[in-house]
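Trainee: Provided below: model_37.cif, containing mmCIF, C-alpha atoms and all ligand atoms; chains and numbers go by the auth columns.
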data_entry
#
loop_
_atom_site.group_PDB
_atom_site.id
_atom_site.type_symbol
_atom_site.label_atom_id
_atom_site.label_comp_id
_atom_site.label_asym_id
_atom_site.label_seq_id
_atom_site.Cartn_x
_atom_site.Cartn_y
_atom_site.Cartn_z
_atom_site.B_iso_or_equiv
_atom_site.auth_seq_id
_atom_site.auth_asym_id
ATOM 1 C CA MET A 1 6.955 2.518 -18.272 0.00 66 S
ATOM 2 C CA LYS A 2 9.027 0.269 -16.015 0.00 67 S
ATOM 3 C CA LEU A 3 8.337 0.170 -12.285 0.00 68 S
ATOM 4 C CA LEU A 4 10.914 -1.802 -10.324 0.00 69 S
ATOM 5 C CA VAL A 5 9.394 -2.039 -6.859 0.00 70 S
ATOM 6 C CA ASP A 6 6.085 -3.544 -5.766 0.00 71 S
ATOM 7 C CA LEU A 7 5.059 -1.955 -2.467 0.00 72 S
ATOM 8 C CA HIS A 8 1.850 -3.888 -1.810 0.00 73 S
ATOM 9 C CA THR A 9 1.859 -7.706 -1.716 0.00 74 S
ATOM 10 C CA HIS A 10 0.325 -10.448 0.417 0.00 75 S
ATOM 11 C CA THR A 11 1.597 -13.844 1.530 0.00 76 S
ATOM 12 C CA VAL A 12 -0.124 -16.844 3.148 0.00 77 S
ATOM 13 C CA ALA A 13 0.034 -14.853 6.399 0.00 78 S
ATOM 14 C CA SER A 14 -2.933 -12.791 5.178 0.00 79 S
ATOM 15 C CA GLY A 15 -5.235 -15.802 5.433 0.00 80 S
ATOM 16 C CA HIS A 16 -6.678 -15.407 1.922 0.00 81 S
ATOM 17 C CA ALA A 17 -3.444 -15.203 -0.102 0.00 82 S
ATOM 18 C CA TYR A 18 -1.585 -18.144 -1.506 0.00 83 S
ATOM 19 C CA SER A 19 2.214 -17.763 -1.703 0.00 84 S
ATOM 20 C CA THR A 20 5.139 -17.676 0.704 0.00 85 S
ATOM 21 C CA VAL A 21 7.740 -14.929 1.128 0.00 86 S
ATOM 22 C CA MET A 22 10.228 -17.127 -0.766 0.00 87 S
ATOM 23 C CA GLU A 23 7.809 -17.634 -3.668 0.00 88 S
ATOM 24 C CA MET A 24 7.061 -13.909 -3.792 0.00 89 S
ATOM 25 C CA ALA A 25 10.780 -13.037 -3.802 0.00 90 S
ATOM 26 C CA LYS A 26 11.483 -15.574 -6.572 0.00 91 S
ATOM 27 C CA ALA A 27 8.625 -14.213 -8.692 0.00 92 S
ATOM 28 C CA ALA A 28 9.927 -10.665 -8.132 0.00 93 S
ATOM 29 C CA LYS A 29 13.397 -11.714 -9.270 0.00 94 S
ATOM 30 C CA ASP A 30 11.975 -13.429 -12.372 0.00 95 S
ATOM 31 C CA LYS A 31 10.094 -10.227 -13.217 0.00 96 S
ATOM 32 C CA GLY A 32 13.261 -8.151 -12.853 0.00 97 S
ATOM 33 C CA LEU A 33 12.075 -6.194 -9.805 0.00 98 S
ATOM 34 C CA GLU A 34 14.568 -4.552 -7.446 0.00 99 S
ATOM 35 C CA GLY A 35 12.392 -4.819 -4.372 0.00 100 S
ATOM 36 C CA ILE A 36 9.062 -5.786 -2.862 0.00 101 S
ATOM 37 C CA ALA A 37 7.233 -4.924 0.320 0.00 102 S
ATOM 38 C CA ILE A 38 5.513 -7.737 2.180 0.00 103 S
ATOM 39 C CA THR A 39 2.366 -6.028 3.452 0.00 104 S
ATOM 40 C CA ASP A 40 0.083 -8.616 4.979 0.00 105 S
ATOM 41 C CA HIS A 41 -3.299 -7.647 6.370 0.00 106 S
ATOM 42 C CA GLY A 42 -3.471 -6.472 9.974 0.00 107 S
ATOM 43 C CA PRO A 43 -5.290 -8.547 12.594 0.00 108 S
ATOM 44 C CA ALA A 44 -8.677 -6.799 12.404 0.00 109 S
ATOM 45 C CA LEU A 45 -9.392 -8.338 8.998 0.00 110 S
ATOM 46 C CA PRO A 46 -10.807 -11.859 9.434 0.00 111 S
ATOM 47 C CA GLY A 47 -7.883 -14.221 8.757 0.00 112 S
ATOM 48 C CA GLY A 48 -5.361 -11.346 8.956 0.00 113 S
ATOM 49 C CA ALA A 49 -1.943 -11.829 10.524 0.00 114 S
ATOM 50 C CA HIS A 50 -1.430 -11.785 14.295 0.00 115 S
ATOM 51 C CA PRO A 51 0.696 -8.909 15.707 0.00 116 S
ATOM 52 C CA PHE A 52 3.468 -11.468 16.384 0.00 117 S
ATOM 53 C CA HIS A 53 3.774 -11.942 12.602 0.00 118 S
ATOM 54 C CA PHE A 54 4.717 -8.278 12.246 0.00 119 S
ATOM 55 C CA TRP A 55 6.993 -8.160 15.292 0.00 120 S
ATOM 56 C CA ASN A 56 8.923 -11.126 13.949 0.00 121 S
ATOM 57 C CA LEU A 57 9.466 -9.727 10.431 0.00 122 S
ATOM 58 C CA ARG A 58 12.919 -8.792 11.716 0.00 123 S
ATOM 59 C CA VAL A 59 14.003 -12.367 10.919 0.00 124 S
ATOM 60 C CA LEU A 60 13.574 -11.745 7.175 0.00 125 S
ATOM 61 C CA PRO A 61 16.830 -11.092 5.345 0.00 126 S
ATOM 62 C CA LYS A 62 17.210 -7.673 3.717 0.00 127 S
ATOM 63 C CA GLU A 63 17.538 -9.405 0.362 0.00 128 S
ATOM 64 C CA ILE A 64 16.242 -12.719 -0.974 0.00 129 S
ATOM 65 C CA PHE A 65 17.361 -13.854 -4.450 0.00 130 S
ATOM 66 C CA GLY A 66 18.889 -10.381 -4.806 0.00 131 S
ATOM 67 C CA VAL A 67 15.510 -8.682 -4.282 0.00 132 S
ATOM 68 C CA ARG A 68 15.285 -6.100 -1.506 0.00 133 S
ATOM 69 C CA ILE A 69 12.579 -7.205 0.940 0.00 134 S
ATOM 70 C CA LEU A 70 10.773 -4.429 2.798 0.00 135 S
ATOM 71 C CA LYS A 71 8.933 -5.370 5.976 0.00 136 S
ATOM 72 C CA GLY A 72 5.449 -3.976 6.009 0.00 137 S
ATOM 73 C CA ALA A 73 1.800 -4.178 6.936 0.00 138 S
ATOM 74 C CA GLU A 74 -1.544 -3.170 5.496 0.00 139 S
ATOM 75 C CA ALA A 75 -3.067 -1.662 8.617 0.00 140 S
ATOM 76 C CA ASN A 76 -6.843 -1.417 8.985 0.00 141 S
ATOM 77 C CA ILE A 77 -8.810 1.577 10.184 0.00 142 S
ATOM 78 C CA VAL A 78 -10.940 0.154 12.987 0.00 143 S
ATOM 79 C CA ASN A 79 -13.103 3.055 14.185 0.00 144 S
ATOM 80 C CA LEU A 80 -14.402 6.558 13.543 0.00 145 S
ATOM 81 C CA LYS A 81 -11.357 8.088 15.191 0.00 146 S
ATOM 82 C CA GLY A 82 -9.153 6.519 12.534 0.00 147 S
ATOM 83 C CA GLU A 83 -7.342 4.228 14.945 0.00 148 S
ATOM 84 C CA LEU A 84 -5.474 1.235 13.538 0.00 149 S
ATOM 85 C CA ASP A 85 -5.344 -2.453 14.339 0.00 150 S
ATOM 86 C CA LEU A 86 -1.584 -2.429 14.998 0.00 151 S
ATOM 87 C CA GLU A 87 0.005 -0.425 17.791 0.00 152 S
ATOM 88 C CA ASP A 88 2.405 2.420 17.076 0.00 153 S
ATOM 89 C CA GLU A 89 5.240 0.728 18.918 0.00 154 S
ATOM 90 C CA LEU A 90 5.008 -2.119 16.380 0.00 155 S
ATOM 91 C CA LEU A 91 4.452 0.059 13.304 0.00 156 S
ATOM 92 C CA GLU A 92 7.639 1.952 14.138 0.00 157 S
ATOM 93 C CA THR A 93 9.613 -1.260 13.592 0.00 158 S
ATOM 94 C CA LEU A 94 8.357 -1.707 10.005 0.00 159 S
ATOM 95 C CA ASP A 95 9.832 -0.329 6.792 0.00 160 S
ATOM 96 C CA VAL A 96 6.526 0.471 5.129 0.00 161 S
ATOM 97 C CA VAL A 97 2.977 0.851 6.426 0.00 162 S
ATOM 98 C CA LEU A 98 -0.109 0.947 4.218 0.00 163 S
ATOM 99 C CA LEU A 99 -3.340 2.425 5.523 0.00 164 S
ATOM 100 C CA ALA A 100 -6.676 1.063 4.338 0.00 165 S
ATOM 101 C CA PHE A 101 -10.382 0.777 4.832 0.00 166 S
ATOM 102 C CA HIS A 102 -11.608 -2.826 4.625 0.00 167 S
ATOM 103 C CA PRO A 103 -15.006 -4.264 5.431 0.00 168 S
ATOM 104 C CA SER A 104 -15.465 -6.311 8.632 0.00 169 S
ATOM 105 C CA CYS A 105 -12.718 -4.440 10.502 0.00 170 S
ATOM 106 C CA GLY A 106 -14.838 -2.325 12.851 0.00 171 S
ATOM 107 C CA TYR A 107 -15.241 0.781 10.694 0.00 172 S
ATOM 108 C CA GLU A 108 -18.201 0.790 8.319 0.00 173 S
ATOM 109 C CA ASP A 109 -18.839 3.198 5.440 0.00 174 S
ATOM 110 C CA ARG A 110 -20.037 6.618 6.694 0.00 175 S
ATOM 111 C CA GLY A 111 -20.367 8.297 3.302 0.00 176 S
ATOM 112 C CA ILE A 112 -17.874 10.650 1.676 0.00 177 S
ATOM 113 C CA ALA A 113 -17.761 13.244 4.465 0.00 178 S
ATOM 114 C CA GLY A 114 -17.466 10.692 7.275 0.00 179 S
ATOM 115 C CA ASN A 115 -14.917 8.493 5.488 0.00 180 S
ATOM 116 C CA THR A 116 -12.786 11.496 4.554 0.00 181 S
ATOM 117 C CA LYS A 117 -12.751 12.769 8.131 0.00 182 S
ATOM 118 C CA THR A 118 -11.751 9.362 9.486 0.00 183 S
ATOM 119 C CA MET A 119 -9.108 8.844 6.801 0.00 184 S
ATOM 120 C CA ILE A 120 -7.547 12.223 7.581 0.00 185 S
ATOM 121 C CA SER A 121 -7.537 11.461 11.321 0.00 186 S
ATOM 122 C CA ALA A 122 -5.774 8.167 10.561 0.00 187 S
ATOM 123 C CA LEU A 123 -3.210 9.941 8.390 0.00 188 S
ATOM 124 C CA LYS A 124 -2.027 11.963 11.372 0.00 189 S
ATOM 125 C CA ASN A 125 -0.294 8.792 12.534 0.00 190 S
ATOM 126 C CA PRO A 126 3.339 9.440 11.536 0.00 191 S
ATOM 127 C CA ASN A 127 3.991 5.732 10.905 0.00 192 S
ATOM 128 C CA ILE A 128 1.863 5.661 7.755 0.00 193 S
ATOM 129 C CA HIS A 129 3.519 5.858 4.345 0.00 194 S
ATOM 130 C CA ILE A 130 0.903 4.910 1.746 0.00 195 S
ATOM 131 C CA ILE A 131 -2.892 5.058 1.454 0.00 196 S
ATOM 132 C CA ALA A 132 -3.908 1.761 -0.137 0.00 197 S
ATOM 133 C CA HIS A 133 -6.717 1.749 -2.723 0.00 198 S
ATOM 134 C CA PRO A 134 -8.247 5.156 -1.837 0.00 199 S
ATOM 135 C CA GLY A 135 -10.507 4.712 -4.876 0.00 200 S
ATOM 136 C CA ASN A 136 -12.437 1.893 -3.218 0.00 201 S
ATOM 137 C CA PRO A 137 -16.098 2.647 -4.066 0.00 202 S
ATOM 138 C CA SER A 138 -17.203 0.870 -0.865 0.00 203 S
ATOM 139 C CA PHE A 139 -15.518 3.604 1.203 0.00 204 S
ATOM 140 C CA PRO A 140 -15.710 6.748 -0.971 0.00 205 S
ATOM 141 C CA VAL A 141 -13.563 9.717 0.068 0.00 206 S
ATOM 142 C CA ASP A 142 -13.113 13.293 -1.125 0.00 207 S
ATOM 143 C CA ALA A 143 -10.094 12.928 -3.393 0.00 208 S
ATOM 144 C CA ALA A 144 -8.860 16.529 -3.109 0.00 209 S
ATOM 145 C CA GLU A 145 -9.091 16.575 0.697 0.00 210 S
ATOM 146 C CA VAL A 146 -7.389 13.214 1.148 0.00 211 S
ATOM 147 C CA ILE A 147 -4.605 14.112 -1.272 0.00 212 S
ATOM 148 C CA ALA A 148 -4.003 17.437 0.487 0.00 213 S
ATOM 149 C CA ALA A 149 -3.867 15.659 3.851 0.00 214 S
ATOM 150 C CA ALA A 150 -1.545 12.976 2.491 0.00 215 S
ATOM 151 C CA LYS A 151 0.788 15.718 1.314 0.00 216 S
ATOM 152 C CA GLU A 152 0.670 17.433 4.685 0.00 217 S
ATOM 153 C CA TYR A 153 1.487 14.204 6.553 0.00 218 S
ATOM 154 C CA ASN A 154 4.067 12.880 4.064 0.00 219 S
ATOM 155 C CA ALA A 155 2.050 9.941 2.796 0.00 220 S
ATOM 156 C CA VAL A 156 1.473 9.001 -0.831 0.00 221 S
ATOM 157 C CA ILE A 157 -1.629 7.623 -2.460 0.00 222 S
ATOM 158 C CA GLU A 158 -1.675 4.333 -4.301 0.00 223 S
ATOM 159 C CA LEU A 159 -3.146 3.323 -7.626 0.00 224 S
ATOM 160 C CA ASN A 160 -4.011 -0.299 -6.981 0.00 225 S
ATOM 161 C CA ASN A 161 -3.779 -2.574 -9.992 0.00 226 S
ATOM 162 C CA SER A 162 -5.926 -5.346 -8.576 0.00 227 S
ATOM 163 C CA SER A 163 -8.823 -2.897 -8.031 0.00 228 S
ATOM 164 C CA LEU A 164 -8.918 -2.544 -11.822 0.00 229 S
ATOM 165 C CA LEU A 165 -8.945 -6.228 -12.747 0.00 230 S
ATOM 166 C CA PRO A 166 -12.118 -8.167 -13.641 0.00 231 S
ATOM 167 C CA THR A 167 -11.417 -10.373 -10.586 0.00 232 S
ATOM 168 C CA ALA A 168 -11.349 -7.339 -8.257 0.00 233 S
ATOM 169 C CA SER A 169 -13.027 -7.374 -4.879 0.00 234 S
ATOM 170 C CA ARG A 170 -13.427 -3.613 -5.269 0.00 235 S
ATOM 171 C CA LEU A 171 -15.447 -3.684 -8.495 0.00 236 S
ATOM 172 C CA GLY A 172 -16.384 -0.328 -9.958 0.00 237 S
ATOM 173 C CA SER A 173 -13.100 1.295 -8.875 0.00 238 S
ATOM 174 C CA TYR A 174 -12.113 2.677 -12.285 0.00 239 S
ATOM 175 C CA GLU A 175 -13.948 6.022 -12.183 0.00 240 S
ATOM 176 C CA SER A 176 -13.006 6.843 -8.592 0.00 241 S
ATOM 177 C CA CYS A 177 -9.375 5.773 -9.177 0.00 242 S
ATOM 178 C CA LEU A 178 -9.215 7.986 -12.249 0.00 243 S
ATOM 179 C CA SER A 179 -10.548 10.983 -10.376 0.00 244 S
ATOM 180 C CA ILE A 180 -8.040 10.356 -7.574 0.00 245 S
ATOM 181 C CA ALA A 181 -5.221 10.058 -10.133 0.00 246 S
ATOM 182 C CA ASN A 182 -6.342 13.314 -11.777 0.00 247 S
ATOM 183 C CA GLU A 183 -6.429 15.128 -8.419 0.00 248 S
ATOM 184 C CA ALA A 184 -3.030 13.741 -7.442 0.00 249 S
ATOM 185 C CA TYR A 185 -1.587 14.898 -10.737 0.00 250 S
ATOM 186 C CA LYS A 186 -3.010 18.400 -10.281 0.00 251 S
ATOM 187 C CA SER A 187 -1.620 18.609 -6.749 0.00 252 S
ATOM 188 C CA GLY A 188 1.910 17.873 -7.929 0.00 253 S
ATOM 189 C CA SER A 189 2.148 14.808 -5.663 0.00 254 S
ATOM 190 C CA GLU A 190 4.007 11.612 -6.359 0.00 255 S
ATOM 191 C CA ILE A 191 2.003 8.387 -6.378 0.00 256 S
ATOM 192 C CA VAL A 192 2.650 4.693 -5.926 0.00 257 S
ATOM 193 C CA VAL A 193 1.451 2.007 -8.353 0.00 258 S
ATOM 194 C CA SER A 194 1.051 -1.393 -6.692 0.00 259 S
ATOM 195 C CA SER A 195 -0.086 -4.879 -7.637 0.00 260 S
ATOM 196 C CA ASP A 196 -1.726 -5.877 -4.320 0.00 261 S
ATOM 197 C CA ALA A 197 -0.798 -9.411 -5.418 0.00 262 S
ATOM 198 C CA HIS A 198 -2.354 -12.219 -3.384 0.00 263 S
ATOM 199 C CA ILE A 199 -0.351 -14.880 -5.252 0.00 264 S
ATOM 200 C CA ALA A 200 3.212 -14.877 -6.593 0.00 265 S
ATOM 201 C CA THR A 201 2.090 -14.798 -10.218 0.00 266 S
ATOM 202 C CA GLY A 202 0.557 -11.370 -9.574 0.00 267 S
ATOM 203 C CA ILE A 203 3.789 -9.731 -8.365 0.00 268 S
ATOM 204 C CA GLY A 204 4.730 -6.690 -10.426 0.00 269 S
ATOM 205 C CA ASN A 205 1.462 -6.710 -12.390 0.00 270 S
ATOM 206 C CA PHE A 206 0.903 -2.998 -12.871 0.00 271 S
ATOM 207 C CA ASP A 207 -0.490 -2.648 -16.401 0.00 272 S
ATOM 208 C CA ASN A 208 -4.027 -1.476 -15.628 0.00 273 S
ATOM 209 C CA ALA A 209 -2.876 0.997 -12.987 0.00 274 S
ATOM 210 C CA ILE A 210 -0.074 2.275 -15.229 0.00 275 S
ATOM 211 C CA ASN A 211 -2.598 2.940 -17.998 0.00 276 S
ATOM 212 C CA LEU A 212 -4.692 4.903 -15.570 0.00 277 S
ATOM 213 C CA ALA A 213 -1.638 6.841 -14.303 0.00 278 S
ATOM 214 C CA LEU A 214 -0.676 7.676 -17.889 0.00 279 S
ATOM 215 C CA LYS A 215 -4.198 8.830 -18.603 0.00 280 S
ATOM 216 C CA ALA A 216 -3.947 11.249 -15.664 0.00 281 S
ATOM 217 C CA GLY A 217 -0.634 12.554 -17.052 0.00 282 S
ATOM 218 C CA PHE A 218 1.896 10.819 -14.804 0.00 283 S
ATOM 219 C CA SER A 219 5.319 9.859 -16.068 0.00 284 S
ATOM 220 C CA GLU A 220 7.828 7.538 -14.405 0.00 285 S
ATOM 221 C CA GLU A 221 9.538 10.411 -12.577 0.00 286 S
ATOM 222 C CA ARG A 222 6.470 11.044 -10.458 0.00 287 S
ATOM 223 C CA ILE A 223 5.863 7.407 -9.589 0.00 288 S
ATOM 224 C CA LEU A 224 7.700 6.632 -6.390 0.00 289 S
ATOM 225 C CA ASN A 225 8.190 2.917 -6.984 0.00 290 S
ATOM 226 C CA SER A 226 10.019 3.324 -10.273 0.00 291 S
ATOM 227 C CA SER A 227 13.292 2.495 -8.468 0.00 292 S
ATOM 228 C CA ILE A 228 14.397 1.059 -5.137 0.00 293 S
ATOM 229 C CA ASN A 229 16.573 4.105 -4.462 0.00 294 S
ATOM 230 C CA LYS A 230 13.599 6.441 -4.679 0.00 295 S
ATOM 231 C CA VAL A 231 11.612 4.155 -2.386 0.00 296 S
ATOM 232 C CA LEU A 232 14.383 3.853 0.214 0.00 297 S
ATOM 233 C CA ASN A 233 14.897 7.584 0.106 0.00 298 S
ATOM 234 C CA PHE A 234 11.206 8.239 0.700 0.00 299 S
ATOM 235 C CA LEU A 235 11.097 5.691 3.525 0.00 300 S
ATOM 236 C CA LYS A 236 14.302 7.194 4.950 0.00 301 S
ATOM 237 C CA ILE A 237 15.993 3.791 4.888 0.00 302 S
ATOM 238 C CA LYS A 238 19.708 3.680 4.241 0.00 303 S
ATOM 239 C CA SER A 239 20.275 1.193 1.447 0.00 304 S
ATOM 240 C CA LEU A 240 22.689 -0.909 3.504 0.00 305 S
ATOM 241 C CA SER A 241 20.810 -0.718 6.798 0.00 306 S
HETATM 242 ZN ZN ZN B . -6.484 -3.797 0.866 0.00 401 S
HETATM 243 ZN ZN ZN B . -3.764 -5.520 0.044 0.00 402 S
#
What is this file in structure tokens?
Ligand SMILES: [Zn+2]
Ligand SMILES: [Zn+2]
Mentor:
Amino acid sequence: MKLLVDLHTHTVASGHAYSTVMEMAKAAKDKGLEGIAITDHGPALPGGAHPFHFWNLRVLPKEIFGVRILKGAEANIVNLKGELDLEDELLETLDVVLLAFHPSCGYEDRGIAGNTKTMISALKNPNIHIIAHPGNPSFPVDAAEVIAAAKEYNAVIELNNSSLLPTASRLGSYESCLSIANEAYKSGSEIVVSSDAHIATGIGNFDNAINLALKAGFSEERILNSSINKVLNFLKIKSLS
């Protein structure tokens, strides 16, 4: 399986990631990718990027080294109501917005029922495109309910490759990611497979997540990031805009 777009990557702007936009774009080109999204952490995460970082993403060229660069953010859920750490007015200016639970951002684990309710409230925000690492065992959710809500609000769920690596910060993700992948498959939804690279060498590393997607029954056709055209179509971006 060949996936040509990486929709979840971090640069030095995230505070705990180690490459620049230029280094990420070069690595993407070397790996033969058609596009990447730069999705640095929102400001609620300690060390995360300031809102000015996201406002100013407009200075990035549409392509670097022939790789389409999508301007994004990994927004944090900051409270029980599912509010985010970046304002809507700003999110509207971005190409791609990931939604995630992270520790130390104001929202703490409330168990499956509480996390699911908050996640679904957050999903009502029309600026969200992708739920990042919904299989995080630190913030368990009801897979079927979250997938149904994602479908209703036009968001897709992510299988996060770095959650499945031995170096993962979300250790123990395999079982919950597999059950989410199985539910997503049953529901007929498309999914996204992302690297969540925090250094350029990790760009386009999808192998563990692809294996899991295959195990759940997915083929390339139902993985959104298999081509830049599918991604741009989903994000409603005209390819030359
Ligand atoms: Zn994350
Ligand atoms: Zn991330």
Trainee: Check which residues fall inside 8 Å of ligand ZN 402 (chain S) when counting all atoms listed in the file, and print them as a tab-separated table (two decimals) with C-alpha atoms, keeping the file's coordinate frame.
Mentor:
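Okay, pocket.tsv is ready:
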chain	number	residue	atom	x	y	z
S	73	HIS	CA	1.85	-3.89	-1.81
S	74	THR	CA	1.86	-7.71	-1.72
S	75	HIS	CA	0.32	-10.45	0.42
S	104	THR	CA	2.37	-6.03	3.45
S	105	ASP	CA	0.08	-8.62	4.98
S	106	HIS	CA	-3.30	-7.65	6.37
S	139	GLU	CA	-1.54	-3.17	5.50
S	197	ALA	CA	-3.91	1.76	-0.14
S	261	ASP	CA	-1.73	-5.88	-4.32
S	262	ALA	CA	-0.80	-9.41	-5.42
S	263	HIS	CA	-2.35	-12.22	-3.38
Trainee: What does the PyMOL selection byres (((chain S and resi 287) around 8) and not hetatm) select in this file, as a VMD selection string?
Mentor: chain S and resid 254 to 256 283 to 286 288 to 289
Trainee: Spell out the residues picked by the PyMOL selection byres (((not hetatm)) within 12 of (chain S and resi 401)) here, as a ChimeraX atom specification.
Mentor: /S:73-75,79,81-82,104-107,110,113,138-142,162-168,170,195-201,203-204,223-228,233-235,259-263
Trainee: State, in Å with one decimal place, the distance from atom CA of Cys242 of chain S to atom CA of Ala278 of chain S.
Mentor: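 Answer for the atom CA of Cys242 of chain S to atom CA of Ala278 of chain S separation: 9.3 Å.
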Trainee: For the file shown, report as an MDAnalysis selection string the outcome of the PyMOL selection byres (((chain S and resi 295) around 12) and not hetatm) at residue level.
Mentor: chainID S and resid 68:70 99:100 255:257 285:294 296:304
Trainee: What's the separation between atom CA of Gly179 of chain S and atom CA of Asn144 of chain S, in Å to one decimal place?
Mentor: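 About the pair atom CA of Gly179 of chain S and atom CA of Asn144 of chain S: they are 11.2 Å apart.
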Trainee: Using only C-alpha atoms, which of the listed residues (S:Ala249, S:Asn273, S:Asp71, S:Gly237) sits closest to Lys216 of chain S?
Mentor: S:Ala249
Trainee: Which distance in Å separates atom CA of Glu148 of chain S and atom CA of Gly112 of chain S, to one decimal?
Mentor: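 Computed distance, atom CA of Glu148 of chain S to atom CA of Gly112 of chain S, equals 19.5 Å.
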Trainee: Can you list, as a list in words, every protein, DNA or RNA residue that comes within 12 Å of Val124 of chain S when you count only C-alpha atoms, leaving out same-chain residues fewer than 6 positions away?
Mentor: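 Those residues are Val86, Phe117, His118, Ile134, Leu135 and Lys136 of chain S.
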Trainee: Need the neighbours of (2.9, -8.5, -11.7): which residues are at most 9 Å away, counting all atoms listed in the file, as a compact mmCIF listing (two decimals) with C-alpha atoms, in the frame of the given file?
Mentor:
# COMPACT_ATOMS: atom_id res chain seq x y z
CA ASP S 71 6.08 -3.54 -5.77
CA ALA S 92 8.62 -14.21 -8.69
CA ALA S 93 9.93 -10.66 -8.13
CA LYS S 96 10.09 -10.23 -13.22
CA SER S 259 1.05 -1.39 -6.69
CA SER S 260 -0.09 -4.88 -7.64
CA ALA S 262 -0.80 -9.41 -5.42
CA ALA S 265 3.21 -14.88 -6.59
CA THR S 266 2.09 -14.80 -10.22
CA GLY S 267 0.56 -11.37 -9.57
CA ILE S 268 3.79 -9.73 -8.36
CA GLY S 269 4.73 -6.69 -10.43
CA ASN S 270 1.46 -6.71 -12.39
CA PHE S 271 0.90 -3.00 -12.87
CA ASP S 272 -0.49 -2.65 -16.40
Trainee: Starting from the point (2.5, 1.4, 12.8), work out which residues of protein, DNA or RNA have an atom no more than 10 Å away when counting only C-alpha atoms; state them as a PDB file with C-alpha atoms, in the coordinates of the input.
Mentor:
ATOM      1  CA  PHE S 119       4.717  -8.278  12.246  1.00  0.00           C
ATOM      2  CA  GLY S 137       5.449  -3.976   6.009  1.00  0.00           C
ATOM      3  CA  ALA S 138       1.800  -4.178   6.936  1.00  0.00           C
ATOM      4  CA  GLU S 139      -1.544  -3.170   5.496  1.00  0.00           C
ATOM      5  CA  ALA S 140      -3.067  -1.662   8.617  1.00  0.00           C
ATOM      6  CA  LEU S 149      -5.474   1.235  13.538  1.00  0.00           C
ATOM      7  CA  ASP S 150      -5.344  -2.453  14.339  1.00  0.00           C
ATOM      8  CA  LEU S 151      -1.584  -2.429  14.998  1.00  0.00           C
ATOM      9  CA  GLU S 152       0.005  -0.425  17.791  1.00  0.00           C
ATOM     10  CA  ASP S 153       2.405   2.420  17.076  1.00  0.00           C
ATOM     11  CA  GLU S 154       5.240   0.728  18.918  1.00  0.00           C
ATOM     12  CA  LEU S 155       5.008  -2.119  16.380  1.00  0.00           C
ATOM     13  CA  LEU S 156       4.452   0.059  13.304  1.00  0.00           C
ATOM     14  CA  GLU S 157       7.639   1.952  14.138  1.00  0.00           C
ATOM     15  CA  THR S 158       9.613  -1.260  13.592  1.00  0.00           C
ATOM     16  CA  LEU S 159       8.357  -1.707  10.005  1.00  0.00           C
ATOM     17  CA  ASP S 160       9.832  -0.329   6.792  1.00  0.00           C
ATOM     18  CA  VAL S 161       6.526   0.471   5.129  1.00  0.00           C
ATOM     19  CA  VAL S 162       2.977   0.851   6.426  1.00  0.00           C
ATOM     20  CA  LEU S 163      -0.109   0.947   4.218  1.00  0.00           C
ATOM     21  CA  LEU S 164      -3.340   2.425   5.523  1.00  0.00           C
ATOM     22  CA  ASN S 190      -0.294   8.792  12.534  1.00  0.00           C
ATOM     23  CA  PRO S 191       3.339   9.440  11.536  1.00  0.00           C
ATOM     24  CA  ASN S 192       3.991   5.732  10.905  1.00  0.00           C
ATOM     25  CA  ILE S 193       1.863   5.661   7.755  1.00  0.00           C
ATOM     26  CA  HIS S 194       3.519   5.858   4.345  1.00  0.00           C
TER      27      HIS S 194
END
Trainee: Please determine, counting all atoms listed in the file, which residue among S:Leu243, S:Leu230, S:Val258, S:Ile185 has the shortest atom-to-atom distance to Leu277 of chain S.
Mentor: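 Looking only at the distances to Leu277 of chain S, the closest residue turns out to be S:Leu243.
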Trainee: Box along x, y and z, 6 Å on every side, all listed atoms of segment 226-233 of chain S inside: centre and edge lengths in Å to one decimal, as AutoDock Vina command-line options.
Mentor:
--center_x -7.9 --center_y -6.5 --center_z -10.8 --size_x 20.3 --size_y 19.8 --size_z 17.6
